[in-house]
Amino acid sequence: MSPPRAEDQGLVRGAHRYVADIVVEDCLEACFVRSFEAHGLINSVDVSAATEVDGVVAAYGAAELHDLPDVPFGGRGEPPAGMTRPALARERVRFAGEPIAVVVARDRYAAEDGAELVVADLESLPPVLDPTAAAADDAPRLFAEVGNVAAQREFGAPVTEVIETAPVVVTMTIRNERLVPTSIEARAVLAVPEEDGGLTIWVSHQAPHRLQRELAAALGVDPAEIRVVVPKVGGAFGAKSQTFPEFVVVAHLARVTGRAVRWIEDRREALQGATQGRGQTQHLRLAADAEGRMIALEAFIDADIGAYPHTGAFVPAMTGWVLSGPYEIPHLYARVRSVVTNATPTAPYRGAGRPEAAFALERLVDALARRLEMDPIELRLANFIAPSDFPYQSPTGALYDSGDYRGALHRAGELAGYEALRSEQRRRRSTGEDRLLGIGVASWVERSGGQSGTHEFGAVEVNEDGTIVARSGSTSQGQGHETVFAQVVASAFGVDLERVRVVQGDTGEVPDGFGTFGSRSMQVGGSALQQASAEVIEEAMRRALRELEVAEEDLV
């Protein structure tokens with residue numbers, strides 16, 4: 001029987017502490033002024049009237065904060081040439097909702113009043129919202145020096161000749177629409193200056209150690225000078241894994257003013273300025289023989305990554321990499337472009353590129369089944385990677401370790417009563433019954449836990465009183481780490497769950513960490529704690545052999 005989750009009592013009683021609940025003396029509250037234009041030149045930003053509001057301490061546009069650093073690039077390496085993201089917009093705004101000024105006050109009410117008085121003179125420019133149109137040479141440029149294609153990846157080899165000679169080809173253009181992550185707790189950050197000159201950052205986040213490194217790089221300080229603490233978090237799913245411009249501004253202002261500064265995002269801002277997910281236009285062709293065996297797949301994917309490339313620029317590459325799904329497709333080619341547009345920037349969200357691939361591929365398979373007048377389950381069964389073919393490498397380079405996809409779909413059909421449902425569907429169609437019956441089938445294989453070389457920090461320490469402290473680089477946003485990680489360690493030591501205390505989400509307490517995303521916490525973080533527990537037990541055995549002076553076979 002599973003134990004009750006350790007965190008649930010605090011949840012149902014409202015006893016947990018979030019960033020908004022943290023009391024800091026003399027704390028300033030921040031409110032951001034955001035662009036009302038999708039694309040425009042900034043002629044001026046006048047913050048003078050805001051400073052006259054009772055309770056307002058200061059107001060800043062980019063012109064008043066000459067040393068405000070840019071937002072650190074969250075991807076691999078350096079940002080694409082000429083596509084740096086300012087923490088407060090300079091010279092040009094590139095999406096509606098982009099921060100252009102900030103007001104700090106003794107309370108949020110005064111900050112909001114002051115923000116309403118900031119006057120921004122913006123000169124409209126033609127916006128571009130479709131990624132394929134934005135990639136054209138004659139499209140309005142978001143960055144004057146460079147085009148709008150931030151990155152391009154190719155997977156597999158061109159398949160044009162194979163497709164053009166195939167007996168059956170289905171063609172489709174699919175739009176994976178944008179979505180807006182909407183956590184119960186919106187984004188939140190509190191920066192507190194310390195007496196030693198460092199900063200403590202309280203933040204709702206998924207990857208505190210990465211945030212520590214990126215903020216330190218932006219502010220030009222040693223990472224040891226910044227302590228990131230993640231208290232309870234009200235949801236994330238990828239949307240809180242970034243270093244946001246608001247975080248940079250708040251941290252910078254805490255150093256400028258010498259006072260704690262907090263920003264709590266409201267729901268309007270979450271819809272306007274937080275990262276969004278998905279946003280791909282996919283042009284696809286799937287070829288098969290007359291019996292329905294897939295021969296080739298071609299995909300030209302233009303991903304709308306919004307106004308600035310960040311981690312969202314790398315999500316579309318995942319779509320191309322996993323595009324073959326659970327099927328054995330001998331020939332596959334995908335060209336994936338990450339394109340900037342005058343929309344809110346995108347980032348990883350709920351599957352990060354894999355749902356976009358599944359949606360496209362399964363719609364193609366259904367279209368092929370209709371063309372061949374085949375049952376959609378039978379078509380899938382005929383094309384699944386066979387158990388004997390594992391390990392299997394797709395034309396994109398994705399390596400599959402194991403699986404029995406045919407067995408799984410057979411079993412799903414039995415549990416759903418598939419044949420009976422089809423029979424009832426045929427009956428209704430033949431009698432002209434008004435109540436229609438739709439039956440959907442979809443198959444997918446997921447990558448989780450990370451790839452080769454993936455790591456996570458885990459440390460286990462046994463105290464003199466017999467209690468055990470488990471430290472993990474993974475950080476919970478409601479998944480129940482406090483319970484499941486304690487279960488891993490308690491099971492390894494053979495002790496009661498109550499003797500294990502889990503520590504996470506604090507760079508001052510946990511020296512390293514990778515973060516929580518990609519369905520990796522239990523697989524990688526839990527495995528790290530399991531390994532650490534085993535090493536502690538081995539060391540205890542060695543010490544006991546020495547101190548007790550007994551034979552190894554007599555020691556349990």
# chains A, B, ... in the order shown; residues from 1 in each chain; ligands from 1
>>> select_by_dssp(residues="stretch 136-246 of chain A", states="helix (DSSP H, G or I)", output="ChimeraX atom specification")
/A:160-164,208-219,223-225,245-246
>>> closest_residue(among="A:Pro208, A:Ala551, A:Val489, A:Ile468", to="A:Pro511", atoms="only C-alpha atoms")
A:Pro208
>>> residues_around(residues="stretch 83-85 of chain A", least_positions_apart="2", cutoff="8 Å", atoms="only C-alpha atoms", output="PyMOL selection string")
chain A and resi 70-73+79-81+87+143+308-309
>>> write_last_selection(atoms="N, CA and C atoms", output="compact mmCIF listing (two decimals), in the first residue's frame")
# COMPACT_ATOMS: atom_id res chain seq x y z
N ASP A 70 21.76 41.80 -20.53
CA ASP A 70 20.82 41.10 -21.40
C ASP A 70 20.40 39.78 -20.74
N VAL A 71 19.36 39.20 -21.29
CA VAL A 71 18.89 37.90 -20.81
C VAL A 71 19.88 36.84 -21.27
N PRO A 72 20.40 36.02 -20.37
CA PRO A 72 21.34 34.97 -20.80
C PRO A 72 20.66 33.97 -21.72
N PHE A 73 21.40 33.49 -22.68
CA PHE A 73 20.85 32.54 -23.66
C PHE A 73 20.71 31.18 -23.00
N PRO A 79 23.82 32.63 -28.40
CA PRO A 79 22.60 32.91 -29.17
C PRO A 79 22.94 33.15 -30.64
N PRO A 80 22.00 32.91 -31.54
CA PRO A 80 22.25 33.21 -32.95
C PRO A 80 22.72 34.65 -33.12
N ALA A 81 23.59 34.85 -34.05
CA ALA A 81 24.19 36.17 -34.26
C ALA A 81 23.12 37.24 -34.42
N ALA A 87 16.75 42.62 -21.41
CA ALA A 87 15.84 42.38 -20.28
C ALA A 87 14.68 43.39 -20.29
N PHE A 143 15.22 41.44 -36.53
CA PHE A 143 16.56 41.92 -36.19
C PHE A 143 17.18 42.42 -37.49
N TYR A 308 12.14 35.92 -29.69
CA TYR A 308 13.54 35.73 -29.32
C TYR A 308 13.84 34.24 -29.22
N PRO A 309 14.97 33.82 -29.78
CA PRO A 309 15.35 32.42 -29.60
C PRO A 309 15.87 32.18 -28.19
>>> residues_around(residues="A:Leu409", least_positions_apart="5", cutoff="12 Å", atoms="only C-alpha atoms", output="list of chain:residue names")
A:Pro326, A:Pro376, A:Ile377, A:Glu378, A:Leu379, A:Arg380, A:Leu381, A:Ala382, A:Phe384, A:Gly403, A:Asp404, A:Glu414, A:Leu415, A:Ala416, A:Tyr418, A:Val441, A:Ala442, A:Ser443, A:Trp444, A:Val445
>>> select_by_dssp(residues="stretch 90-164 of chain A", states="strand (DSSP E)", output="list in words")
Arg92, Val93, Pro99, Ile100, Ala101, Val102, Val103, Val104, Ala105, Val119, Ala120, Asp121, Leu122, Glu123, Ser124, Val149, Ala150, Ala151, Gln152, Arg153, Glu154, Phe155 and Gly156 of chain A
>>> write_last_selection(atoms="N, CA and C atoms", output="short mmCIF file (atom, residue, chain, number, x, y, z; two decimals), in the first residue's frame")
data_model
loop_
_atom_site.label_atom_id
_atom_site.label_comp_id
_atom_site.auth_asym_id
_atom_site.auth_seq_id
_atom_site.Cartn_x
_atom_site.Cartn_y
_atom_site.Cartn_z
N ARG A 92 13.60 48.71 -30.02
CA ARG A 92 12.52 48.06 -30.76
C ARG A 92 11.79 47.08 -29.85
N VAL A 93 10.46 46.99 -30.04
CA VAL A 93 9.69 45.93 -29.38
C VAL A 93 9.37 44.87 -30.43
N PRO A 99 8.45 43.30 -21.92
CA PRO A 99 8.70 44.32 -20.89
C PRO A 99 9.47 45.51 -21.47
N ILE A 100 8.95 46.72 -21.21
CA ILE A 100 9.64 47.92 -21.68
C ILE A 100 10.01 48.86 -20.53
N ALA A 101 9.42 48.65 -19.36
CA ALA A 101 9.74 49.48 -18.20
C ALA A 101 9.32 48.71 -16.95
N VAL A 102 9.84 49.17 -15.78
CA VAL A 102 9.49 48.54 -14.52
C VAL A 102 9.33 49.62 -13.46
N VAL A 103 8.34 49.45 -12.60
CA VAL A 103 8.09 50.36 -11.49
C VAL A 103 8.20 49.56 -10.20
N VAL A 104 8.95 50.09 -9.23
CA VAL A 104 9.06 49.43 -7.93
C VAL A 104 8.49 50.37 -6.86
N ALA A 105 7.74 49.76 -5.94
CA ALA A 105 7.04 50.56 -4.94
C ALA A 105 6.96 49.79 -3.63
N VAL A 119 4.48 56.40 -20.09
CA VAL A 119 4.08 56.71 -21.45
C VAL A 119 5.13 56.18 -22.42
N ALA A 120 4.73 55.26 -23.27
CA ALA A 120 5.63 54.69 -24.27
C ALA A 120 5.21 55.17 -25.66
N ASP A 121 6.13 55.79 -26.37
CA ASP A 121 5.89 56.24 -27.74
C ASP A 121 6.47 55.18 -28.67
N LEU A 122 5.59 54.36 -29.24
CA LEU A 122 6.02 53.26 -30.10
C LEU A 122 5.55 53.50 -31.53
N GLU A 123 6.44 53.35 -32.46
CA GLU A 123 6.12 53.53 -33.88
C GLU A 123 5.93 52.16 -34.53
N SER A 124 4.73 51.90 -34.99
CA SER A 124 4.38 50.57 -35.50
C SER A 124 5.23 50.17 -36.69
N VAL A 149 15.48 33.27 -39.59
CA VAL A 149 15.73 31.86 -39.28
C VAL A 149 16.84 31.78 -38.25
N ALA A 150 16.47 31.34 -37.04
CA ALA A 150 17.44 31.30 -35.94
C ALA A 150 18.27 30.02 -35.95
N ALA A 151 17.69 28.94 -36.44
CA ALA A 151 18.41 27.67 -36.47
C ALA A 151 17.76 26.76 -37.51
N GLN A 152 18.56 25.86 -38.08
CA GLN A 152 18.04 24.88 -39.03
C GLN A 152 18.75 23.56 -38.81
N ARG A 153 17.97 22.49 -38.74
CA ARG A 153 18.51 21.14 -38.57
C ARG A 153 17.92 20.23 -39.63
N GLU A 154 18.72 19.25 -40.07
CA GLU A 154 18.23 18.23 -40.99
C GLU A 154 18.44 16.86 -40.38
N PHE A 155 17.47 15.98 -40.58
CA PHE A 155 17.54 14.62 -40.07
C PHE A 155 17.31 13.65 -41.22
N GLY A 156 18.10 12.59 -41.25
CA GLY A 156 17.98 11.63 -42.32
C GLY A 156 18.53 12.17 -43.63
#
>>> atom_distance(atom1="atom CA of A:Glu29", atom2="atom CA of A:Trp263")
6.0 Å
>>> residues_around(residues="stretch 219-227 of chain A", least_positions_apart="5", cutoff="10 Å", atoms="only C-alpha atoms", output="count of residues only")
32
>>> atom_distance(atom1="atom CA of A:Ile22", atom2="atom CA of A:Glu461")
29.0 Å
>>> residues_around(residues="A:Met318", least_positions_apart="6", cutoff="8 Å", atoms="only C-alpha atoms", output="ChimeraX atom specification")
/A:352-354
>>> write_last_selection(atoms="all heavy atoms", output="mmCIF file, in the first residue's frame")
data_model
loop_
_atom_site.group_PDB
_atom_site.id
_atom_site.type_symbol
_atom_site.label_atom_id
_atom_site.label_comp_id
_atom_site.auth_asym_id
_atom_site.auth_seq_id
_atom_site.Cartn_x
_atom_site.Cartn_y
_atom_site.Cartn_z
ATOM 1 N N ALA A 352 7.823 18.731 -25.090
ATOM 2 C CA ALA A 352 8.905 19.443 -25.777
ATOM 3 C C ALA A 352 9.273 18.849 -27.129
ATOM 4 O O ALA A 352 10.334 18.292 -27.318
ATOM 5 C CB ALA A 352 10.133 19.503 -24.874
ATOM 6 N N GLY A 353 8.371 18.972 -28.094
ATOM 7 C CA GLY A 353 8.662 18.550 -29.457
ATOM 8 C C GLY A 353 8.113 17.188 -29.815
ATOM 9 O O GLY A 353 7.856 16.901 -30.993
ATOM 10 N N ARG A 354 7.949 16.312 -28.823
ATOM 11 C CA ARG A 354 7.449 14.975 -29.129
ATOM 12 C C ARG A 354 5.950 14.965 -29.451
ATOM 13 O O ARG A 354 5.534 14.280 -30.397
ATOM 14 C CB ARG A 354 7.744 14.020 -27.963
ATOM 15 C CG ARG A 354 9.188 13.547 -27.937
ATOM 16 C CD ARG A 354 10.016 14.225 -26.894
ATOM 17 N NE ARG A 354 9.646 13.804 -25.547
ATOM 18 C CZ ARG A 354 10.052 14.436 -24.445
ATOM 19 N NH1 ARG A 354 10.814 15.511 -24.535
ATOM 20 N NH2 ARG A 354 9.710 13.984 -23.249
#
>>> closest_residue(among="A:Arg371, A:Arg278, A:Arg108, A:His205", to="A:Val169", atoms="only C-alpha atoms")
A:Arg371
>>> closest_atom_pairs(of="stretch 268-316 of chain A", to="stretch 183-188 of chain A", cutoff="10 Å", atoms="only C-alpha atoms", output="CSV")
residue,atom,partner,partner_atom,distance
A:Glu269,CA,A:Ala186,CA,9.0
A:Ala270,CA,A:Ala186,CA,6.7
A:Ala274,CA,A:Arg187,CA,8.1
>>> write_last_selection(atoms="N, CA, C and O atoms", output="CSV table (one decimal), in the first residue's frame")
chain,number,residue,atom,x,y,z
A,269,GLU,N,-0.4,39.0,-17.3
A,269,GLU,CA,1.0,38.9,-17.8
A,269,GLU,C,1.3,37.5,-18.2
A,269,GLU,O,2.1,37.3,-19.2
A,270,ALA,N,0.8,36.5,-17.5
A,270,ALA,CA,1.1,35.1,-17.8
A,270,ALA,C,0.6,34.8,-19.3
A,270,ALA,O,1.2,34.0,-20.0
A,274,ALA,N,4.6,35.4,-20.6
A,274,ALA,CA,5.3,34.2,-20.3
A,274,ALA,C,5.5,33.3,-21.6
A,274,ALA,O,4.9,33.6,-22.6
>>> closest_residue(among="A:His66, A:Gln425, A:Ala486, A:Ile385", to="A:Arg406", atoms="only C-alpha atoms")
A:Ile385
>>> residues_around(residues="A:Pro167", least_positions_apart="4", cutoff="10 Å", atoms="only C-alpha atoms", output="PyMOL selection string")
chain A and resi 163+287-292+295
>>> atom_distance(atom1="atom CA of A:Val229", atom2="atom CA of A:Ser472")
13.4 Å
>>> closest_residue(among="A:Pro126, A:Gly82, A:Asp512, A:Leu179", to="A:Ala144", atoms="only C-alpha atoms")
A:Gly82
>>> closest_residue(among="A:Ala358, A:Ala492, A:Ala540, A:Val228", to="A:Ser527", atoms="only C-alpha atoms")
A:Ala492
>>> closest_residue(among="A:Ala490, A:Met541, A:Ala260, A:Ile174", to="A:Leu555", atoms="only C-alpha atoms")
A:Met541
>>> decode(residues="stretch 408-426 of chain A", atoms="N, CA, C and O atoms", output="PDB file, in the first residue's frame")
ATOM      1  N   ALA A 408       1.082  -4.339 -27.298  1.00  0.00           N
ATOM      2  CA  ALA A 408       0.409  -3.279 -26.544  1.00  0.00           C
ATOM      3  C   ALA A 408      -0.868  -2.830 -27.249  1.00  0.00           C
ATOM      4  O   ALA A 408      -1.918  -2.640 -26.609  1.00  0.00           O
ATOM      5  N   LEU A 409      -0.812  -2.655 -28.582  1.00  0.00           N
ATOM      6  CA  LEU A 409      -2.002  -2.201 -29.301  1.00  0.00           C
ATOM      7  C   LEU A 409      -3.068  -3.297 -29.355  1.00  0.00           C
ATOM      8  O   LEU A 409      -4.265  -3.015 -29.254  1.00  0.00           O
ATOM      9  N   HIS A 410      -2.634  -4.555 -29.506  1.00  0.00           N
ATOM     10  CA  HIS A 410      -3.583  -5.665 -29.439  1.00  0.00           C
ATOM     11  C   HIS A 410      -4.335  -5.648 -28.117  1.00  0.00           C
ATOM     12  O   HIS A 410      -5.565  -5.758 -28.071  1.00  0.00           O
ATOM     13  N   ARG A 411      -3.582  -5.478 -27.023  1.00  0.00           N
ATOM     14  CA  ARG A 411      -4.195  -5.497 -25.708  1.00  0.00           C
ATOM     15  C   ARG A 411      -5.125  -4.297 -25.519  1.00  0.00           C
ATOM     16  O   ARG A 411      -6.213  -4.428 -24.937  1.00  0.00           O
ATOM     17  N   ALA A 412      -4.718  -3.127 -26.010  1.00  0.00           N
ATOM     18  CA  ALA A 412      -5.573  -1.941 -25.897  1.00  0.00           C
ATOM     19  C   ALA A 412      -6.887  -2.161 -26.642  1.00  0.00           C
ATOM     20  O   ALA A 412      -7.968  -1.784 -26.169  1.00  0.00           O
ATOM     21  N   GLY A 413      -6.810  -2.765 -27.826  1.00  0.00           N
ATOM     22  CA  GLY A 413      -8.021  -3.047 -28.582  1.00  0.00           C
ATOM     23  C   GLY A 413      -8.952  -4.008 -27.861  1.00  0.00           C
ATOM     24  O   GLY A 413     -10.180  -3.841 -27.859  1.00  0.00           O
ATOM     25  N   GLU A 414      -8.370  -5.028 -27.206  1.00  0.00           N
ATOM     26  CA  GLU A 414      -9.187  -5.980 -26.438  1.00  0.00           C
ATOM     27  C   GLU A 414      -9.871  -5.288 -25.265  1.00  0.00           C
ATOM     28  O   GLU A 414     -11.068  -5.484 -25.017  1.00  0.00           O
ATOM     29  N   LEU A 415      -9.122  -4.469 -24.537  1.00  0.00           N
ATOM     30  CA  LEU A 415      -9.686  -3.795 -23.366  1.00  0.00           C
ATOM     31  C   LEU A 415     -10.774  -2.804 -23.759  1.00  0.00           C
ATOM     32  O   LEU A 415     -11.736  -2.600 -23.010  1.00  0.00           O
ATOM     33  N   ALA A 416     -10.619  -2.174 -24.915  1.00  0.00           N
ATOM     34  CA  ALA A 416     -11.602  -1.186 -25.363  1.00  0.00           C
ATOM     35  C   ALA A 416     -12.819  -1.833 -26.022  1.00  0.00           C
ATOM     36  O   ALA A 416     -13.816  -1.150 -26.262  1.00  0.00           O
ATOM     37  N   GLY A 417     -12.723  -3.133 -26.339  1.00  0.00           N
ATOM     38  CA  GLY A 417     -13.808  -3.758 -27.095  1.00  0.00           C
ATOM     39  C   GLY A 417     -13.867  -3.233 -28.516  1.00  0.00           C
ATOM     40  O   GLY A 417     -14.948  -2.891 -29.030  1.00  0.00           O
ATOM     41  N   TYR A 418     -12.715  -3.174 -29.172  1.00  0.00           N
ATOM     42  CA  TYR A 418     -12.595  -2.507 -30.463  1.00  0.00           C
ATOM     43  C   TYR A 418     -13.506  -3.116 -31.522  1.00  0.00           C
ATOM     44  O   TYR A 418     -14.219  -2.392 -32.247  1.00  0.00           O
ATOM     45  N   GLU A 419     -13.525  -4.429 -31.638  1.00  0.00           N
ATOM     46  CA  GLU A 419     -14.332  -5.056 -32.679  1.00  0.00           C
ATOM     47  C   GLU A 419     -15.819  -4.775 -32.478  1.00  0.00           C
ATOM     48  O   GLU A 419     -16.556  -4.522 -33.433  1.00  0.00           O
ATOM     49  N   ALA A 420     -16.254  -4.826 -31.217  1.00  0.00           N
ATOM     50  CA  ALA A 420     -17.662  -4.520 -30.937  1.00  0.00           C
ATOM     51  C   ALA A 420     -17.987  -3.067 -31.261  1.00  0.00           C
ATOM     52  O   ALA A 420     -19.080  -2.757 -31.777  1.00  0.00           O
ATOM     53  N   LEU A 421     -17.047  -2.168 -30.979  1.00  0.00           N
ATOM     54  CA  LEU A 421     -17.264  -0.755 -31.289  1.00  0.00           C
ATOM     55  C   LEU A 421     -17.363  -0.543 -32.798  1.00  0.00           C
ATOM     56  O   LEU A 421     -18.216   0.220 -33.282  1.00  0.00           O
ATOM     57  N   ARG A 422     -16.512  -1.190 -33.569  1.00  0.00           N
ATOM     58  CA  ARG A 422     -16.579  -1.067 -35.028  1.00  0.00           C
ATOM     59  C   ARG A 422     -17.907  -1.616 -35.557  1.00  0.00           C
ATOM     60  O   ARG A 422     -18.511  -1.036 -36.478  1.00  0.00           O
ATOM     61  N   SER A 423     -18.330  -2.706 -34.976  1.00  0.00           N
ATOM     62  CA  SER A 423     -19.616  -3.285 -35.402  1.00  0.00           C
ATOM     63  C   SER A 423     -20.764  -2.327 -35.138  1.00  0.00           C
ATOM     64  O   SER A 423     -21.641  -2.126 -35.997  1.00  0.00           O
ATOM     65  N   GLU A 424     -20.753  -1.722 -33.955  1.00  0.00           N
ATOM     66  CA  GLU A 424     -21.803  -0.754 -33.631  1.00  0.00           C
ATOM     67  C   GLU A 424     -21.706   0.469 -34.539  1.00  0.00           C
ATOM     68  O   GLU A 424     -22.733   1.034 -34.954  1.00  0.00           O
ATOM     69  N   GLN A 425     -20.498   0.873 -34.864  1.00  0.00           N
ATOM     70  CA  GLN A 425     -20.323   2.019 -35.771  1.00  0.00           C
ATOM     71  C   GLN A 425     -20.924   1.710 -37.138  1.00  0.00           C
ATOM     72  O   GLN A 425     -21.636   2.542 -37.738  1.00  0.00           O
ATOM     73  N   ARG A 426     -20.672   0.514 -37.652  1.00  0.00           N
ATOM     74  CA  ARG A 426     -21.220   0.123 -38.959  1.00  0.00           C
ATOM     75  C   ARG A 426     -22.745   0.066 -38.908  1.00  0.00           C
ATOM     76  O   ARG A 426     -23.426   0.469 -39.858  1.00  0.00           O
TER      77      ARG A 426
END
